[in-house]
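Enquirer: Input structure: final.csv, which contains CSV, C-alpha atoms and all ligand atoms.
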chain,number,residue,atom,x,y,z
A,10,MET,CA,-30.0,-10.9,-2.0
A,11,GLU,CA,-27.7,-13.4,-3.7
A,12,ILE,CA,-24.2,-13.8,-2.1
A,13,LYS,CA,-21.5,-14.9,-4.4
A,14,GLU,CA,-19.7,-18.1,-3.6
A,15,SER,CA,-16.3,-16.4,-3.8
A,16,PHE,CA,-17.5,-13.7,-1.4
A,17,GLU,CA,-18.7,-16.3,1.1
A,18,GLU,CA,-15.5,-18.3,0.8
A,19,HIS,CA,-13.3,-15.2,1.2
A,20,PHE,CA,-15.2,-13.9,4.3
A,21,LYS,CA,-15.5,-17.3,5.9
A,22,ARG,CA,-11.7,-17.6,5.7
A,23,LEU,CA,-11.3,-14.1,7.1
A,24,LEU,CA,-13.9,-14.2,9.8
A,25,ASP,CA,-14.4,-17.8,10.7
A,26,LYS,CA,-17.2,-18.0,13.2
A,27,ASP,CA,-18.0,-14.3,12.9
A,28,TYR,CA,-19.0,-14.7,9.2
A,29,ASP,CA,-22.7,-14.9,10.0
A,30,LYS,CA,-22.4,-11.9,12.3
A,31,PHE,CA,-20.8,-10.0,9.4
A,32,LEU,CA,-23.6,-10.9,7.1
A,33,GLU,CA,-26.2,-10.0,9.6
A,34,TRP,CA,-24.7,-6.6,10.3
A,35,SER,CA,-24.1,-6.0,6.6
A,36,PHE,CA,-27.9,-6.1,6.2
A,37,ARG,CA,-28.9,-4.1,9.2
A,38,LEU,CA,-30.3,-0.6,8.5
A,39,LEU,CA,-27.5,2.0,8.8
A,40,LYS,CA,-28.3,4.8,11.2
A,41,LYS,CA,-28.4,8.2,9.5
A,42,ALA,CA,-26.0,10.7,10.9
A,43,ILE,CA,-25.2,14.4,10.7
A,44,ARG,CA,-22.3,16.6,11.6
A,45,ILE,CA,-23.0,20.1,12.9
A,46,ASN,CA,-21.2,22.8,10.9
A,47,THR,CA,-19.6,25.2,13.3
A,48,ILE,CA,-18.4,27.4,10.4
A,49,LYS,CA,-22.1,28.5,10.2
A,50,LEU,CA,-23.3,27.8,13.7
A,51,ILE,CA,-22.2,28.9,17.2
A,52,ASP,CA,-20.8,26.0,19.1
A,53,ASP,CA,-22.9,25.8,22.2
A,54,ILE,CA,-22.9,22.0,22.4
A,55,ASN,CA,-22.8,20.9,26.1
A,56,TYR,CA,-24.7,18.7,28.5
A,57,ASP,CA,-27.0,21.5,29.8
A,58,ASN,CA,-27.9,22.8,26.4
A,59,LEU,CA,-28.7,19.4,25.0
A,60,LYS,CA,-30.8,18.3,27.9
A,61,CYS,CA,-34.0,19.5,26.3
A,62,ILE,CA,-33.2,17.9,22.9
A,63,ILE,CA,-31.7,14.5,23.7
A,64,LYS,CA,-33.0,11.8,25.9
A,65,GLU,CA,-31.2,11.7,29.3
A,66,GLU,CA,-30.0,8.1,29.1
A,67,ASN,CA,-28.2,8.8,25.8
A,68,LEU,CA,-26.8,12.1,27.0
A,69,ARG,CA,-25.6,11.0,30.4
A,70,TYR,CA,-23.1,8.3,29.6
A,71,ILE,CA,-21.1,10.2,27.0
A,72,SER,CA,-21.4,13.9,27.0
A,73,LYS,CA,-19.1,15.7,29.3
A,74,GLU,CA,-15.9,13.9,28.4
A,75,ILE,CA,-16.1,14.8,24.7
A,76,ASP,CA,-17.6,18.3,25.0
A,77,ASN,CA,-14.3,19.8,26.2
A,78,ILE,CA,-12.1,18.5,23.4
A,79,TYR,CA,-13.1,21.1,20.9
A,80,ASN,CA,-14.5,24.5,21.0
A,81,LEU,CA,-14.6,25.6,17.3
A,82,ARG,CA,-15.2,29.2,16.2
A,83,GLN,CA,-17.7,30.4,13.6
A,84,ASN,CA,-15.7,31.9,10.7
A,85,PRO,CA,-16.3,34.1,8.8
A,86,PHE,CA,-20.1,33.9,9.1
A,87,LYS,CA,-21.6,35.8,12.0
A,88,ILE,CA,-25.0,34.2,11.7
A,89,ASN,CA,-26.8,34.5,15.1
A,90,ILE,CA,-27.9,30.9,15.3
A,91,SER,CA,-26.5,28.1,17.4
A,92,ALA,CA,-26.1,24.4,17.3
A,93,LYS,CA,-28.7,24.1,20.0
A,94,GLU,CA,-31.2,26.1,18.0
A,95,VAL,CA,-30.7,24.0,14.9
A,96,LEU,CA,-30.9,20.7,16.8
A,97,SER,CA,-34.1,21.7,18.4
A,98,ARG,CA,-35.6,22.6,15.0
A,99,LEU,CA,-34.6,19.2,13.8
A,100,LYS,CA,-36.3,17.7,16.9
A,101,ASP,CA,-39.4,19.6,15.9
A,102,TYR,CA,-39.4,17.7,12.6
A,103,GLY,CA,-40.1,14.6,14.7
A,104,TRP,CA,-36.6,13.4,14.6
A,105,GLU,CA,-35.1,11.6,17.5
A,106,ILE,CA,-31.6,12.9,18.0
A,107,LYS,CA,-28.8,10.9,19.7
A,108,ARG,CA,-25.2,11.7,20.4
A,109,ILE,CA,-22.5,9.8,18.6
A,110,PRO,CA,-20.3,8.9,21.5
A,111,PHE,CA,-16.9,9.5,20.0
A,112,TYR,CA,-17.4,13.0,18.4
A,113,LYS,CA,-18.7,16.2,19.8
A,114,TYR,CA,-20.3,17.4,16.5
A,115,GLY,CA,-21.8,14.1,15.4
A,116,PHE,CA,-25.5,13.2,15.9
A,117,TRP,CA,-27.5,10.2,14.9
A,118,ILE,CA,-31.0,10.8,13.6
A,119,ASP,CA,-33.9,8.5,14.1
A,120,GLY,CA,-37.6,8.7,14.2
A,121,TYR,CA,-40.4,9.7,11.9
A,122,ARG,CA,-38.7,12.0,9.3
A,123,ARG,CA,-35.4,10.6,8.0
A,124,ASP,CA,-34.8,12.5,4.8
A,125,ILE,CA,-31.9,14.4,6.2
A,126,GLY,CA,-30.8,15.9,2.9
A,127,ASN,CA,-34.1,17.6,2.4
A,128,THR,CA,-34.4,20.4,4.9
A,129,VAL,CA,-33.9,24.1,4.8
A,130,GLU,CA,-31.2,23.7,7.5
A,131,PHE,CA,-29.2,21.4,5.2
A,132,GLN,CA,-29.6,23.8,2.3
A,133,LEU,CA,-28.3,26.6,4.5
A,134,GLY,CA,-25.3,24.5,5.4
A,135,TYR,CA,-26.0,24.3,9.1
A,136,TYR,CA,-25.3,20.6,9.1
A,137,TYR,CA,-23.8,17.9,6.8
A,138,PRO,CA,-25.2,14.4,6.4
A,139,GLN,CA,-22.2,12.2,7.1
A,140,GLU,CA,-21.9,8.6,8.3
A,141,ALA,CA,-20.6,8.4,11.8
A,142,ALA,CA,-17.4,6.3,11.1
A,143,SER,CA,-16.6,8.7,8.2
A,144,MET,CA,-16.1,11.4,10.9
A,145,ILE,CA,-13.1,9.5,12.3
A,146,PRO,CA,-10.3,10.1,9.7
A,147,PRO,CA,-10.4,13.9,10.0
A,148,ILE,CA,-10.4,13.6,13.8
A,149,ALA,CA,-7.2,11.5,13.5
A,150,LEU,CA,-5.7,14.0,11.1
A,151,ASP,CA,-6.0,16.7,13.8
A,152,PRO,CA,-6.1,19.7,11.4
A,153,LYS,CA,-4.9,23.0,12.7
A,154,LYS,CA,-5.6,26.6,11.5
A,155,ASP,CA,-2.2,27.2,9.9
A,156,ASP,CA,-1.9,23.8,8.2
A,157,VAL,CA,-1.5,23.3,4.5
A,158,ILE,CA,-3.5,20.1,3.9
A,159,LEU,CA,-4.0,17.8,0.9
A,160,ASP,CA,-7.2,15.8,0.7
A,161,LEU,CA,-6.0,13.5,-2.1
A,162,ALA,CA,-9.3,11.7,-2.9
A,163,ALA,CA,-11.8,14.3,-1.6
A,164,ALA,CA,-15.1,14.0,-3.5
A,165,PRO,CA,-17.9,14.5,-2.5
A,166,GLY,CA,-16.3,16.3,0.4
A,167,SER,CA,-17.6,14.9,3.7
A,168,LYS,CA,-14.1,14.9,5.1
A,169,THR,CA,-12.9,18.0,3.4
A,170,THR,CA,-15.7,20.0,4.9
A,171,GLN,CA,-15.0,18.5,8.3
A,172,ILE,CA,-11.3,19.3,8.0
A,173,ALA,CA,-12.1,22.9,7.0
A,174,MET,CA,-14.4,23.3,10.0
A,175,HIS,CA,-11.6,22.2,12.3
A,176,MET,CA,-9.3,24.7,10.7
A,177,GLU,CA,-12.0,27.3,11.3
A,178,ASN,CA,-11.9,28.2,7.6
A,179,GLU,CA,-8.2,29.2,7.8
A,180,GLY,CA,-5.0,27.7,6.5
A,181,LEU,CA,-5.3,26.0,3.1
A,182,ILE,CA,-6.8,22.8,1.8
A,183,ILE,CA,-6.3,21.3,-1.6
A,184,ALA,CA,-9.2,19.0,-2.3
A,185,ASN,CA,-8.4,16.7,-5.2
A,186,ASP,CA,-10.3,14.0,-7.0
A,187,VAL,CA,-10.1,12.4,-10.4
A,188,ASP,CA,-13.8,12.1,-11.1
A,189,ILE,CA,-15.5,15.2,-12.7
A,190,ASN,CA,-19.0,14.2,-11.6
A,191,ARG,CA,-17.9,13.7,-8.0
A,192,ILE,CA,-16.0,17.0,-8.1
A,193,ARG,CA,-19.2,18.8,-9.0
A,194,ALA,CA,-20.8,17.5,-5.8
A,195,LEU,CA,-17.6,18.5,-3.9
A,196,GLY,CA,-17.9,22.0,-5.2
A,197,GLU,CA,-21.6,22.3,-4.2
A,198,ASN,CA,-20.9,20.9,-0.8
A,199,LEU,CA,-18.0,23.3,-0.2
A,200,GLN,CA,-20.2,26.2,-1.2
A,201,LYS,CA,-23.1,25.1,0.9
A,202,GLN,CA,-21.0,24.6,4.0
A,203,GLY,CA,-19.4,28.1,3.6
A,204,ILE,CA,-15.9,26.8,3.1
A,205,ILE,CA,-13.4,29.5,1.8
A,206,ASN,CA,-10.0,27.9,2.6
A,207,THR,CA,-10.2,25.2,0.0
A,208,ILE,CA,-9.0,24.9,-3.6
A,209,VAL,CA,-10.3,22.1,-5.8
A,210,THR,CA,-8.1,20.3,-8.2
A,211,MET,CA,-8.9,17.5,-10.6
A,212,MET,CA,-5.9,15.2,-11.1
A,213,ASP,CA,-4.9,11.6,-10.8
A,214,GLY,CA,-3.5,11.3,-7.3
A,215,LEU,CA,-0.5,9.6,-8.7
A,216,LYS,CA,0.5,12.8,-10.5
A,217,ILE,CA,0.2,15.0,-7.4
A,218,ASP,CA,4.0,15.8,-7.6
A,219,ARG,CA,3.0,18.3,-10.2
A,220,LEU,CA,1.6,20.6,-7.5
A,221,ASN,CA,5.2,21.0,-6.2
A,222,ILE,CA,4.0,21.5,-2.6
A,223,LYS,CA,5.1,19.6,0.5
A,224,PHE,CA,2.1,19.3,2.8
A,225,ASP,CA,1.8,19.5,6.6
A,226,LYS,CA,-0.9,16.9,6.5
A,227,ILE,CA,-2.5,14.6,3.9
A,228,LEU,CA,-5.7,12.6,4.0
A,229,LEU,CA,-5.8,9.6,1.7
A,230,ASP,CA,-9.4,8.4,2.0
A,231,ALA,CA,-8.6,5.8,-0.6
A,232,PRO,CA,-10.9,4.4,-3.4
A,233,CYS,CA,-11.9,1.1,-2.0
A,234,SER,CA,-14.2,-1.9,-2.3
A,235,GLY,CA,-16.6,-0.5,0.3
A,236,THR,CA,-17.1,-3.9,2.1
A,237,GLY,CA,-17.4,-2.0,5.4
A,238,ALA,CA,-20.4,-0.1,3.9
A,239,ILE,CA,-22.6,-2.9,2.5
A,240,ARG,CA,-25.3,-1.8,4.8
A,241,LYS,CA,-25.3,1.6,3.0
A,242,SER,CA,-25.2,0.1,-0.5
A,243,TYR,CA,-25.9,-3.5,-1.5
A,244,LYS,CA,-24.4,-2.7,-4.9
A,245,THR,CA,-21.1,-3.5,-3.1
A,246,LEU,CA,-22.0,-7.1,-3.0
A,247,LYS,CA,-22.7,-7.2,-6.7
A,248,ILE,CA,-19.4,-5.8,-7.8
A,249,TRP,CA,-17.3,-7.6,-5.2
A,250,SER,CA,-14.6,-9.9,-6.6
A,251,ASN,CA,-11.1,-11.1,-5.7
A,252,ASP,CA,-9.8,-9.4,-8.8
A,253,ALA,CA,-11.4,-6.1,-7.9
A,254,ILE,CA,-9.7,-6.3,-4.5
A,255,ASN,CA,-6.4,-7.0,-6.0
A,256,ARG,CA,-6.7,-4.1,-8.5
A,257,LEU,CA,-7.7,-1.7,-5.7
A,258,SER,CA,-4.9,-2.9,-3.5
A,259,TYR,CA,-2.4,-2.3,-6.3
A,260,LEU,CA,-3.7,1.3,-6.7
A,261,GLN,CA,-3.8,1.9,-3.0
A,262,LYS,CA,-0.1,0.9,-2.6
A,263,LYS,CA,0.8,3.4,-5.3
A,264,LEU,CA,-1.3,6.2,-3.8
A,265,ILE,CA,0.0,5.7,-0.3
A,266,ILE,CA,3.6,6.0,-1.4
A,267,LYS,CA,2.8,9.1,-3.5
A,268,ALA,CA,0.9,10.7,-0.6
A,269,PHE,CA,3.7,10.0,1.8
A,270,ASP,CA,6.4,11.3,-0.5
A,271,ASN,CA,4.5,14.6,-0.8
A,272,LEU,CA,4.5,15.2,3.0
A,273,LYS,CA,6.9,17.7,4.7
A,274,GLU,CA,9.3,16.2,7.2
A,275,GLY,CA,7.4,16.0,10.5
A,276,GLY,CA,4.1,15.8,8.5
A,277,THR,CA,1.2,13.5,9.0
A,278,LEU,CA,-0.6,11.2,6.6
A,279,VAL,CA,-4.0,9.6,7.5
A,280,TYR,CA,-4.9,6.6,5.4
A,281,SER,CA,-8.5,5.4,5.6
A,282,THR,CA,-11.0,3.2,3.8
A,283,CYS,CA,-14.6,2.1,4.3
A,284,SER,CA,-13.4,-1.5,3.5
A,285,VAL,CA,-12.8,-4.4,5.9
A,286,GLU,CA,-10.4,-6.2,3.5
A,287,PRO,CA,-7.0,-6.6,5.0
A,288,LEU,CA,-5.4,-6.3,1.5
A,289,GLU,CA,-6.8,-2.8,1.3
A,290,ASN,CA,-5.9,-1.9,4.8
A,291,GLU,CA,-3.3,-3.4,7.1
A,292,PHE,CA,-1.3,-4.7,4.2
A,293,ILE,CA,-1.3,-1.3,2.4
A,294,VAL,CA,0.1,0.5,5.5
A,295,ASP,CA,2.6,-2.4,6.1
A,296,TYR,CA,3.8,-2.0,2.5
A,297,LEU,CA,4.4,1.7,3.1
A,298,LEU,CA,6.4,1.0,6.3
A,299,SER,CA,8.5,-1.6,4.4
A,300,LYS,CA,9.2,0.9,1.6
A,301,ARG,CA,9.9,4.0,3.6
A,302,GLU,CA,12.1,3.8,6.8
A,303,ASN,CA,11.0,7.3,7.9
A,304,ALA,CA,7.3,6.3,8.1
A,305,LYS,CA,6.2,5.7,11.7
A,306,ILE,CA,2.7,4.8,12.9
A,307,GLU,CA,1.1,7.1,15.6
A,308,LYS,CA,-1.6,5.8,17.9
A,309,ILE,CA,-5.1,7.2,17.4
A,310,ASN,CA,-6.7,8.0,20.7
A,311,ILE,CA,-10.4,8.9,20.5
A,312,PRO,CA,-12.5,8.6,23.7
A,313,ASN,CA,-15.5,6.3,23.5
A,314,LEU,CA,-14.5,4.8,20.1
A,315,ASN,CA,-14.6,1.0,20.1
A,316,LYS,CA,-12.0,-0.8,18.0
A,317,SER,CA,-11.2,-4.4,17.0
A,318,GLU,CA,-8.0,-6.3,16.6
A,319,ILE,CA,-6.1,-5.8,13.4
A,320,ILE,CA,-5.8,-8.7,10.9
A,321,GLU,CA,-2.2,-10.0,11.1
A,322,GLU,CA,-2.3,-12.6,8.3
A,323,TYR,CA,-4.4,-13.5,5.3
A,324,GLY,CA,-3.7,-16.5,3.1
A,325,LYS,CA,-0.1,-16.4,2.2
A,326,TYR,CA,0.4,-12.9,3.5
A,327,LYS,CA,1.7,-11.9,6.9
A,328,ILE,CA,2.2,-8.4,8.4
A,329,GLU,CA,5.8,-7.6,8.7
A,330,ASN,CA,5.7,-4.5,11.0
A,331,LEU,CA,3.3,-6.0,13.5
A,332,GLU,CA,3.9,-3.7,16.5
A,333,ASP,CA,3.3,-0.7,14.3
A,334,ILE,CA,0.3,-2.0,12.5
A,335,ARG,CA,-1.3,-2.9,15.9
A,336,ASN,CA,-1.5,0.8,16.5
A,337,THR,CA,-3.8,1.3,13.5
A,338,VAL,CA,-7.6,1.2,13.9
A,339,ARG,CA,-9.9,-1.5,12.5
A,340,ILE,CA,-13.6,-1.0,13.0
A,341,TRP,CA,-16.2,-3.6,12.2
A,342,PRO,CA,-19.9,-2.5,11.8
A,343,TRP,CA,-20.8,-4.0,15.2
A,344,ASP,CA,-18.1,-2.1,17.1
A,345,ASN,CA,-19.9,1.2,17.1
A,346,ASP,CA,-23.0,0.5,15.0
A,347,THR,CA,-21.5,2.3,12.0
A,348,GLU,CA,-19.9,1.3,8.7
A,349,GLY,CA,-16.8,-0.8,8.9
A,350,PHE,CA,-13.7,1.4,8.6
A,351,TYR,CA,-9.9,1.3,8.8
A,352,ILE,CA,-7.8,4.3,9.8
A,353,ALA,CA,-4.0,4.6,10.1
A,354,LYS,CA,-2.0,7.7,11.2
A,355,ILE,CA,1.5,7.9,9.8
A,356,LYS,CA,4.2,10.4,10.7
A,357,LYS,CA,7.1,11.3,8.4
A,358,ILE,CA,10.1,11.5,10.7
A,401,LIG,N1,-13.1,11.5,0.9
A,401,LIG,C1,-14.4,11.4,0.3
A,401,LIG,C2,-15.4,11.9,1.3
A,401,LIG,O1,-15.2,11.8,2.5
A,401,LIG,O2,-16.4,12.5,0.8
A,401,LIG,C3,-14.7,10.1,-0.2
A,401,LIG,C4,-13.7,9.5,-1.2
A,401,LIG,S1,-14.1,8.0,-1.9
A,401,LIG,C5,-13.8,6.9,-0.7
A,401,LIG,C6,-12.7,7.7,-3.0
A,401,LIG,C7,-12.5,8.8,-4.0
A,401,LIG,O3,-11.3,8.5,-4.7
A,401,LIG,C8,-13.6,8.8,-5.1
A,401,LIG,O4,-14.2,10.1,-5.1
A,401,LIG,C9,-12.8,8.6,-6.4
A,401,LIG,O5,-13.3,9.4,-7.5
A,401,LIG,C10,-11.4,9.0,-6.0
A,401,LIG,N2,-10.3,8.4,-6.8
A,401,LIG,C11,-10.2,7.2,-7.4
A,401,LIG,N3,-9.0,7.0,-8.1
A,401,LIG,C12,-8.3,8.2,-7.8
A,401,LIG,C13,-7.0,8.6,-8.2
A,401,LIG,N4,-6.2,7.9,-8.9
A,401,LIG,N5,-6.7,9.8,-7.8
A,401,LIG,C14,-7.5,10.6,-7.1
A,401,LIG,N6,-8.7,10.3,-6.7
A,401,LIG,C15,-9.1,9.0,-7.0
Kindly transcribe the structure held in the file into structure tokens.
Ligand code: SAM
Expert:
Amino acid sequence: MEIKESFEEHFKRLLDKDYDKFLEWSFRLLKKAIRINTIKLIDDINYDNLKCIIKEENLRYISKEIDNIYNLRQNPFKINISAKEVLSRLKDYGWEIKRIPFYKYGFWIDGYRRDIGNTVEFQLGYYYPQEAASMIPPIALDPKKDDVILDLAAAPGSKTTQIAMHMENEGLIIANDVDINRIRALGENLQKQGIINTIVTMMDGLKIDRLNIKFDKILLDAPCSGTGAIRKSYKTLKIWSNDAINRLSYLQKKLIIKAFDNLKEGGTLVYSTCSVEPLENEFIVDYLLSKRENAKIEKINIPNLNKSEIIEEYGKYKIENLEDIRNTVRIWPWDNDTEGFYIAKIKKI
């Protein structure tokens, strides 16, 4: 695979001695992951129930701490099938199932059969194939049953369906995207997962004022370069350019301001990308903090999640609100063996 000179120059400047490590991880196979859908399944995930499905050494070091964080209710489906039953069926396919350390409902799939989108259990909406790091922004958003939530760039719906599951299918989600083809996939996924608390809209996120709603919570999982996800799609390497990063950065700044301005007072905005570019991450959130005095960063505390230092300067740019930005989460692929991700939680005071 050819690496562009400008890419190499940029990432060497950003990563210095870790550049080779970044390349090596960017070409490592990405582990497949699924999220159990508690809208359809009874949540019986705990150490004892998983003992017969997951190898002891994987189970022992993580399970109990995260099992008690959530206990989500099936709603409104009363299908008499549990997470344990479905996981053991998946094991019978020859899959090796491992726990994702930082999320109760996340499991890595390994072993003989890896086509996780091609099973009856997926078609029935019992689980959702979702990259492990992509499960983090909805956890940070902390959705509650009576929230009114906007998912500003929602398609194909990995995070919308996860948010709906945490709301136990109550409250209201507006799942918006600008791309009709991706919205089709979003609609299918919502239906398959049994989601009934979500309305889909197709608008440019910059025109979201037209909804005339102030939201309790907003997720802005922004359009980005995807440089954290090269191991998922090598196409990212082909389309990467400094110009593309600058264009995306410009759009992200506009979108984050728009999202923040459509929050209720006391509301929460989660900003995330699967990019590792500081100009799409720390500098976007820093821009918001500089433009809106009532924006405050909240710490994201997720047990068993490994994080890295934020990037404080890049070229001529320096972070202005350093103490705040240090409370945002930067994840490199090697931190948790996932995609690279960035997540910031912002409160409107
Ligand atoms: N949140 C999605 C998920 O978890 O499945 C992934 C979202 S993807 C990272 C970014 C999305 O932003 C794309 O679906 C893209 O169509 C959408 N997008 C790009 N420009 C937009 C805009 N101006 N307004 C709203 N959505 C936009």
Enquirer: Go through A:Ile192, A:Ala92, A:Ile254, A:Ile12 one by one, measure the shortest atom-to-atom distance of each to ligand LIG 401 (chain A) using all atoms listed in the file, and give the residue with the smallest value.
Expert: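 Among A:Ile192, A:Ala92, A:Ile254, A:Ile12, it is A:Ile192 that comes nearest to ligand LIG 401 (chain A).
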Enquirer: Could you list, as a list in words, all residues that come within 6 Å of ligand LIG 401 (chain A)? Count only C-alpha atoms and all ligand atoms.
Expert: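 After applying the 6 Å limit, what remains is Leu161, Ala162, Ala163, Ala164, Pro165, Gly166, Ser167, Lys168, Asp186, Val187, Asp188, Arg191, Asp213, Gly214, Leu215, Asp230, Ala231 and Pro232 of chain A.
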Enquirer: Give me the residues within 8 Å of segment 265-281 of chain A as a ChimeraX atom specification, counting all atoms listed in the file and dropping any in the same chain fewer than 6 places off.
Expert: /A:146,149-150,161,214-215,217-218,222-231,290,293-294,297,350-358
Enquirer: At what distance in Å, to one decimal, does atom CA of Ile319 of chain A lie from atom CA of Arg339 of chain A?
Expert: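 We find that atom CA of Arg339 of chain A and atom CA of Ile319 of chain A lie 5.8 Å from each other.
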Enquirer: Can you work out the spacing between atom CA of Lys100 of chain A and atom CA of Gly237 of chain A in Å, to one decimal?
Expert: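 These two atoms are separated by 29.6 Å.
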Enquirer: Interatomic distance between atom CA of Glu321 of chain A and atom CA of Phe16 of chain A?
Expert: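 According to the coordinates, atom CA of Glu321 of chain A and atom CA of Phe16 of chain A are separated by 20.1 Å.
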Enquirer: Can you list, as a ChimeraX atom specification, every protein, DNA or RNA residue that comes within 7 Å of Ile54 of chain A when you count all atoms listed in the file, leaving out same-chain residues fewer than 2 positions away?
Expert: /A:52,58-59,76,92-93
Enquirer: For Trp343 of chain A, please output as a list in words all residues within 8 Å (counting all atoms listed in the file; exclusion window: fewer than 3 positions along the same chain).
Expert: Trp34, Asp346 and Thr347 of chain A
Enquirer: Within 8 Å of segment 246-250 of chain A, counting all atoms listed in the file, which residues show up once you throw out same-chain ones fewer than 5 positions away? Write them as number ranges by chain, please.
Expert: A: 12-13, 15-16, 234, 236, 239
